[in-house]
$ cat structure_10.txt   # compact mmCIF, C-alpha atoms
# COMPACT_ATOMS: atom_id res chain seq x y z
CA MET A 1 154.00 136.26 71.02
CA GLY A 2 156.79 135.29 68.64
CA ASN A 3 157.84 136.88 65.41
CA ILE A 4 156.71 136.44 61.82
CA VAL A 5 159.69 136.37 59.46
CA LEU A 6 159.05 137.01 55.76
CA ILE A 7 161.39 135.37 53.24
CA GLY A 8 161.32 135.30 49.45
CA MET A 9 162.83 136.72 46.31
CA PRO A 10 163.57 140.43 45.93
CA GLY A 11 160.40 142.09 44.68
CA ALA A 12 158.06 139.52 46.25
CA GLY A 13 156.62 142.18 48.55
CA LYS A 14 158.22 141.28 51.89
CA SER A 15 158.61 144.88 53.08
CA THR A 16 155.25 146.07 51.78
CA VAL A 17 153.33 143.08 53.13
CA GLY A 18 155.38 143.26 56.34
CA VAL A 19 154.37 146.84 57.15
CA VAL A 20 150.67 146.15 56.52
CA LEU A 21 150.80 142.86 58.44
CA ALA A 22 152.54 144.46 61.43
CA LYS A 23 149.99 147.28 61.55
CA SER A 24 147.08 144.87 61.35
CA LEU A 25 148.47 142.71 64.18
CA GLY A 26 149.76 145.53 66.39
CA MET A 27 153.33 144.26 66.03
CA ARG A 28 156.67 145.97 65.43
CA PHE A 29 158.07 145.99 61.90
CA LEU A 30 161.76 145.42 61.13
CA ASP A 31 163.35 145.42 57.69
CA SER A 32 166.68 143.59 57.90
CA ASP A 33 167.99 145.33 54.76
CA LEU A 34 167.60 148.63 56.58
CA LEU A 35 169.37 147.19 59.65
CA ILE A 36 172.30 146.21 57.41
CA GLN A 37 172.42 149.69 55.86
CA GLU A 38 172.25 151.27 59.30
CA ARG A 39 175.03 149.09 60.75
CA TYR A 40 177.41 149.69 57.83
CA GLN A 41 176.28 153.23 56.90
CA LYS A 42 176.06 152.25 53.22
CA LEU A 43 173.36 151.34 50.74
CA LEU A 44 173.12 147.63 49.90
CA HIS A 45 174.52 148.01 46.39
CA GLU A 46 177.45 150.02 47.82
CA LEU A 47 178.20 147.20 50.28
CA ILE A 48 178.10 144.65 47.47
CA GLU A 49 180.43 146.80 45.33
CA GLU A 50 182.81 147.31 48.25
CA ARG A 51 182.86 143.77 49.73
CA GLY A 52 181.80 141.63 46.79
CA THR A 53 178.84 139.27 46.90
CA GLU A 54 180.43 136.87 49.42
CA GLY A 55 181.46 139.71 51.73
CA PHE A 56 177.96 141.14 51.58
CA LEU A 57 176.41 137.74 52.34
CA GLN A 58 178.66 137.40 55.40
CA ALA A 59 177.60 140.84 56.66
CA GLU A 60 173.94 139.97 56.01
CA ASP A 61 174.30 136.69 57.91
CA GLU A 62 175.84 138.46 60.91
CA VAL A 63 173.18 141.17 61.07
CA ASN A 64 170.25 138.76 60.71
CA ALA A 65 171.73 136.33 63.26
CA SER A 66 171.93 139.21 65.76
CA ILE A 67 168.29 140.33 65.57
CA GLU A 68 166.81 140.19 69.05
CA THR A 69 163.15 141.12 69.12
CA ASP A 70 159.76 139.71 70.00
CA ASN A 71 156.29 140.45 68.68
CA ALA A 72 157.64 141.72 65.36
CA VAL A 73 157.18 141.18 61.66
CA ILE A 74 160.65 140.91 60.12
CA ALA A 75 161.14 141.43 56.39
CA THR A 76 164.44 139.89 55.30
CA GLY A 77 166.54 140.43 52.22
CA GLY A 78 166.12 137.83 49.50
CA SER A 79 169.61 136.42 50.05
CA VAL A 80 169.16 135.80 53.80
CA ILE A 81 168.65 132.10 53.00
CA TYR A 82 172.37 131.72 52.20
CA GLY A 83 173.27 132.53 55.82
CA LYS A 84 173.19 129.38 57.95
CA ASN A 85 173.58 131.31 61.24
CA ALA A 86 170.85 133.76 60.30
CA MET A 87 168.40 131.09 59.19
CA GLU A 88 168.90 128.98 62.31
CA HIS A 89 168.40 132.07 64.47
CA LEU A 90 165.35 133.36 62.58
CA LYS A 91 163.77 129.89 62.65
CA ARG A 92 164.28 129.83 66.42
CA ILE A 93 162.72 133.24 67.06
CA GLY A 94 159.82 133.16 64.59
CA THR A 95 157.58 131.56 62.04
CA LEU A 96 159.14 131.75 58.57
CA VAL A 97 156.66 132.71 55.86
CA TYR A 98 157.77 132.36 52.24
CA LEU A 99 156.12 134.85 49.90
CA LYS A 100 156.16 132.94 46.61
CA LEU A 101 155.95 134.70 43.26
CA SER A 102 156.72 133.53 39.71
CA CYS A 103 159.96 134.50 38.03
CA LYS A 104 157.95 136.20 35.27
CA GLU A 105 156.17 138.49 37.76
CA LEU A 106 159.43 139.23 39.60
CA ALA A 107 161.05 140.33 36.33
CA VAL A 108 158.23 142.84 35.82
CA ARG A 109 158.63 144.22 39.36
CA LEU A 110 162.41 144.30 39.75
CA GLY A 111 164.10 146.28 37.01
CA ASP A 112 167.89 146.63 37.47
CA LEU A 113 169.05 143.98 39.97
CA ASN A 114 172.40 145.65 40.65
CA GLU A 115 170.87 149.04 41.38
CA ARG A 116 168.44 147.39 43.77
CA GLY A 117 171.27 145.78 45.76
CA VAL A 118 170.51 142.17 44.88
CA ALA A 119 173.30 139.72 45.77
CA ILE A 120 173.90 138.10 42.40
CA ARG A 121 177.06 136.55 40.95
CA ASP A 122 178.70 137.88 37.81
CA GLY A 123 177.04 136.39 34.76
CA GLN A 124 173.97 135.18 36.67
CA ASP A 125 170.55 136.34 35.51
CA LEU A 126 167.22 136.50 37.31
CA GLU A 127 166.14 133.05 36.06
CA GLY A 128 169.35 131.46 37.36
CA LEU A 129 169.06 133.25 40.69
CA TYR A 130 165.41 132.21 41.00
CA ALA A 131 166.21 128.55 40.27
CA GLU A 132 169.04 128.62 42.81
CA ARG A 133 167.08 130.21 45.65
CA ILE A 134 163.66 128.52 45.44
CA PRO A 135 164.82 125.25 47.09
CA TYR A 136 166.21 127.26 50.04
CA TYR A 137 162.98 129.19 50.56
CA GLU A 138 161.00 125.95 50.42
CA LYS A 139 163.40 124.24 52.83
CA TYR A 140 163.22 126.94 55.50
CA ALA A 141 159.57 127.99 55.19
CA ASP A 142 157.10 127.07 57.92
CA LEU A 143 154.36 128.47 55.70
CA THR A 144 154.27 129.26 51.95
CA ILE A 145 151.94 131.95 50.60
CA ASP A 146 151.38 132.03 46.84
CA CYS A 147 151.28 135.77 46.07
CA GLU A 148 150.62 135.50 42.32
CA ASP A 149 147.77 137.81 41.27
CA LYS A 150 146.84 138.59 44.90
CA MET A 151 146.18 141.91 46.57
CA ILE A 152 148.27 142.85 49.62
CA ARG A 153 145.20 142.67 51.88
CA ASP A 154 144.52 139.09 50.72
CA ILE A 155 148.12 138.04 51.40
CA VAL A 156 147.99 139.66 54.85
CA ALA A 157 144.67 137.96 55.64
CA GLN A 158 146.10 134.59 54.64
CA ILE A 159 149.19 135.05 56.83
CA ARG A 160 147.05 136.23 59.75
CA SER A 161 144.82 133.17 59.49
CA CYS A 162 147.81 130.80 59.53
CA ALA A 163 150.49 132.58 61.57
CA GLY A 164 148.78 135.40 63.47
CA PRO A 165 148.27 135.76 67.23
CA GLY A 166 147.23 132.58 68.98
CA LYS A 167 148.49 130.41 66.13
CA THR A 168 151.24 127.91 66.79
CA LYS A 169 154.22 127.53 64.53
CA PRO A 170 153.30 125.09 61.73
CA GLY A 171 154.83 121.72 62.48
CA SER A 172 155.31 122.44 66.19
CA GLU A 173 154.28 119.95 68.80
CA THR A 174 151.43 122.13 70.05
CA GLU A 175 149.86 122.58 66.63
CA LYS A 176 146.41 120.97 66.41
$ encode --input "structure_10.txt" --output "structure tokens"
Amino acid sequence: MGNIVLIGMPGAGKSTVGVVLAKSLGMRFLDSDLLIQERYQKLLHELIEERGTEGFLQAEDEVNASIETDNAVIATGGSVIYGKNAMEHLKRIGTLVYLKLSCKELAVRLGDLNERGVAIRDGQDLEGLYAERIPYYEKYADLTIDCEDKMIRDIVAQIRSCAGPGKTKPGSETEK
């Protein structure tokens, strides 16, 4: 079985949904933000402070492009979509599932973006970041799940029905 790779904005629920999805499918769970922190022995916001946004994005791209696993649910950081190497690799090893949530709901969930370790340019706000990233998520996604006003179990059930065991990657030649 391949992997299920969760992409989406910070606060969309990738890690939370990922853990529940992995448990329900009997798969491994990997959080790429934790892999980055482990490799560099720093919290995400410390890496951003130390390397700047571009330096952080380069480190994120390298870590995500090096993930070698099978039968796993992988929760990525929201900025993974800026890394061409990472996205090509993740697309090759799994089905990319975009967890879509409105900017308004994300604002309620997120709080301080800098404290959370969100890769954001000086002077950019959540609305600007959202507008910038949405086209990337839509471009890379094999499957989009609208998470607005949905319970975690409903999101997991929807992913399982479309991308769970025995399902082919949407758009693949073997899909019926």
$ closest_residue --input "structure_10.txt" --among "A:Ile67, A:Val20, A:Leu126, A:Cys162" --to "A:Arg92" --atoms "only C-alpha atoms"
A:Ile67
$ residues_around --input "structure_10.txt" --residues "A:Gly83" --least-positions-apart "2" --cutoff "10 Å" --atoms "all atoms listed in the file" --output "ChimeraX atom specification"
/A:57-62,64-65,79-81,85-89
$ residues_around --input "structure_10.txt" --residues "A:Ser102" --least-positions-apart "2" --cutoff "9 Å" --atoms "only C-alpha atoms" --output "PyMOL selection string"
chain A and resi 12+100+104-107+130+147-148
$ residues_near_point --input "structure_10.txt" --point "(164.9, 146.2, 54.5)" --cutoff "10 Å" --atoms "all atoms listed in the file" --output "VMD selection string"
chain A and resid 14 to 15 30 to 37 44 74 to 78
$ write_last_selection --input "structure_10.txt" --atoms "C-alpha atoms" --output "short mmCIF file (atom, residue, chain, number, x, y, z; two decimals), keeping the file's coordinate frame"
data_model
loop_
_atom_site.label_atom_id
_atom_site.label_comp_id
_atom_site.auth_asym_id
_atom_site.auth_seq_id
_atom_site.Cartn_x
_atom_site.Cartn_y
_atom_site.Cartn_z
CA LYS A 14 158.22 141.28 51.89
CA SER A 15 158.61 144.88 53.08
CA LEU A 30 161.76 145.42 61.13
CA ASP A 31 163.35 145.42 57.69
CA SER A 32 166.68 143.59 57.90
CA ASP A 33 167.99 145.33 54.76
CA LEU A 34 167.60 148.63 56.58
CA LEU A 35 169.37 147.19 59.65
CA ILE A 36 172.30 146.21 57.41
CA GLN A 37 172.42 149.69 55.86
CA LEU A 44 173.12 147.63 49.90
CA ILE A 74 160.65 140.91 60.12
CA ALA A 75 161.14 141.43 56.39
CA THR A 76 164.44 139.89 55.30
CA GLY A 77 166.54 140.43 52.22
CA GLY A 78 166.12 137.83 49.50
#
$ closest_residue --input "structure_10.txt" --among "A:Ala131, A:Val156, A:Leu143, A:Ile120" --to "A:Lys91" --atoms "only C-alpha atoms"
A:Leu143
$ closest_residue --input "structure_10.txt" --among "A:Arg121, A:Lys150, A:Arg51, A:Arg39" --to "A:Leu99" --atoms "all atoms listed in the file"
A:Lys150
$ atom_distance --input "structure_10.txt" --atom1 "atom CA of A:Pro135" --atom2 "atom CA of A:Leu101"
13.5 Å
$ atom_distance --input "structure_10.txt" --atom1 "atom CA of A:Lys84" --atom2 "atom CA of A:Thr53"
15.9 Å
$ atom_distance --input "structure_10.txt" --atom1 "atom CA of A:Val108" --atom2 "atom CA of A:Val19"
22.0 Å
$ residues_near_point --input "structure_10.txt" --point "(151.7, 141.3, 56.1)" --cutoff "9 Å" --atoms "all atoms listed in the file" --output "PyMOL selection string"
chain A and resi 6+14-25+73+152-153+155-160
$ closest_residue --input "structure_10.txt" --among "A:Phe56, A:Tyr137, A:Tyr98, A:Tyr82" --to "A:Tyr40" --atoms "all atoms listed in the file"
A:Phe56
$ closest_residue --input "structure_10.txt" --among "A:Leu96, A:Met151, A:Val63, A:Met9" --to "A:Leu129" --atoms "all atoms listed in the file"
A:Met9
$ build_atoms --input "structure_10.txt" --residues "stretch 61-73 of chain A" --atoms "N, CA and C atoms" --output "compact mmCIF listing (two decimals), keeping the file's coordinate frame"
# COMPACT_ATOMS: atom_id res chain seq x y z
N ASP A 61 174.46 137.80 56.97
CA ASP A 61 174.30 136.69 57.91
C ASP A 61 174.50 137.18 59.34
N GLU A 62 175.54 137.96 59.57
CA GLU A 62 175.84 138.46 60.91
C GLU A 62 174.71 139.35 61.44
N VAL A 63 174.23 140.26 60.62
CA VAL A 63 173.18 141.17 61.07
C VAL A 63 171.89 140.40 61.38
N ASN A 64 171.48 139.51 60.49
CA ASN A 64 170.25 138.76 60.71
C ASN A 64 170.35 137.81 61.90
N ALA A 65 171.53 137.24 62.12
CA ALA A 65 171.73 136.33 63.26
C ALA A 65 171.73 137.09 64.58
N SER A 66 171.88 138.41 64.53
CA SER A 66 171.93 139.21 65.76
C SER A 66 170.61 139.89 66.11
N ILE A 67 169.58 139.70 65.30
CA ILE A 67 168.29 140.33 65.57
C ILE A 67 167.69 139.75 66.84
N GLU A 68 167.44 140.60 67.79
CA GLU A 68 166.81 140.19 69.05
C GLU A 68 165.55 141.02 69.22
N THR A 69 164.42 140.42 68.97
CA THR A 69 163.15 141.12 69.12
C THR A 69 162.06 140.10 69.37
N ASP A 70 160.93 140.57 69.81
CA ASP A 70 159.76 139.71 70.00
C ASP A 70 158.55 140.51 69.55
N ASN A 71 157.52 139.81 69.12
CA ASN A 71 156.29 140.45 68.68
C ASN A 71 156.54 141.40 67.50
N ALA A 72 157.30 140.90 66.52
CA ALA A 72 157.64 141.72 65.36
C ALA A 72 157.43 140.94 64.07
N VAL A 73 157.15 141.70 63.01
CA VAL A 73 157.18 141.18 61.66
C VAL A 73 158.54 141.61 61.10
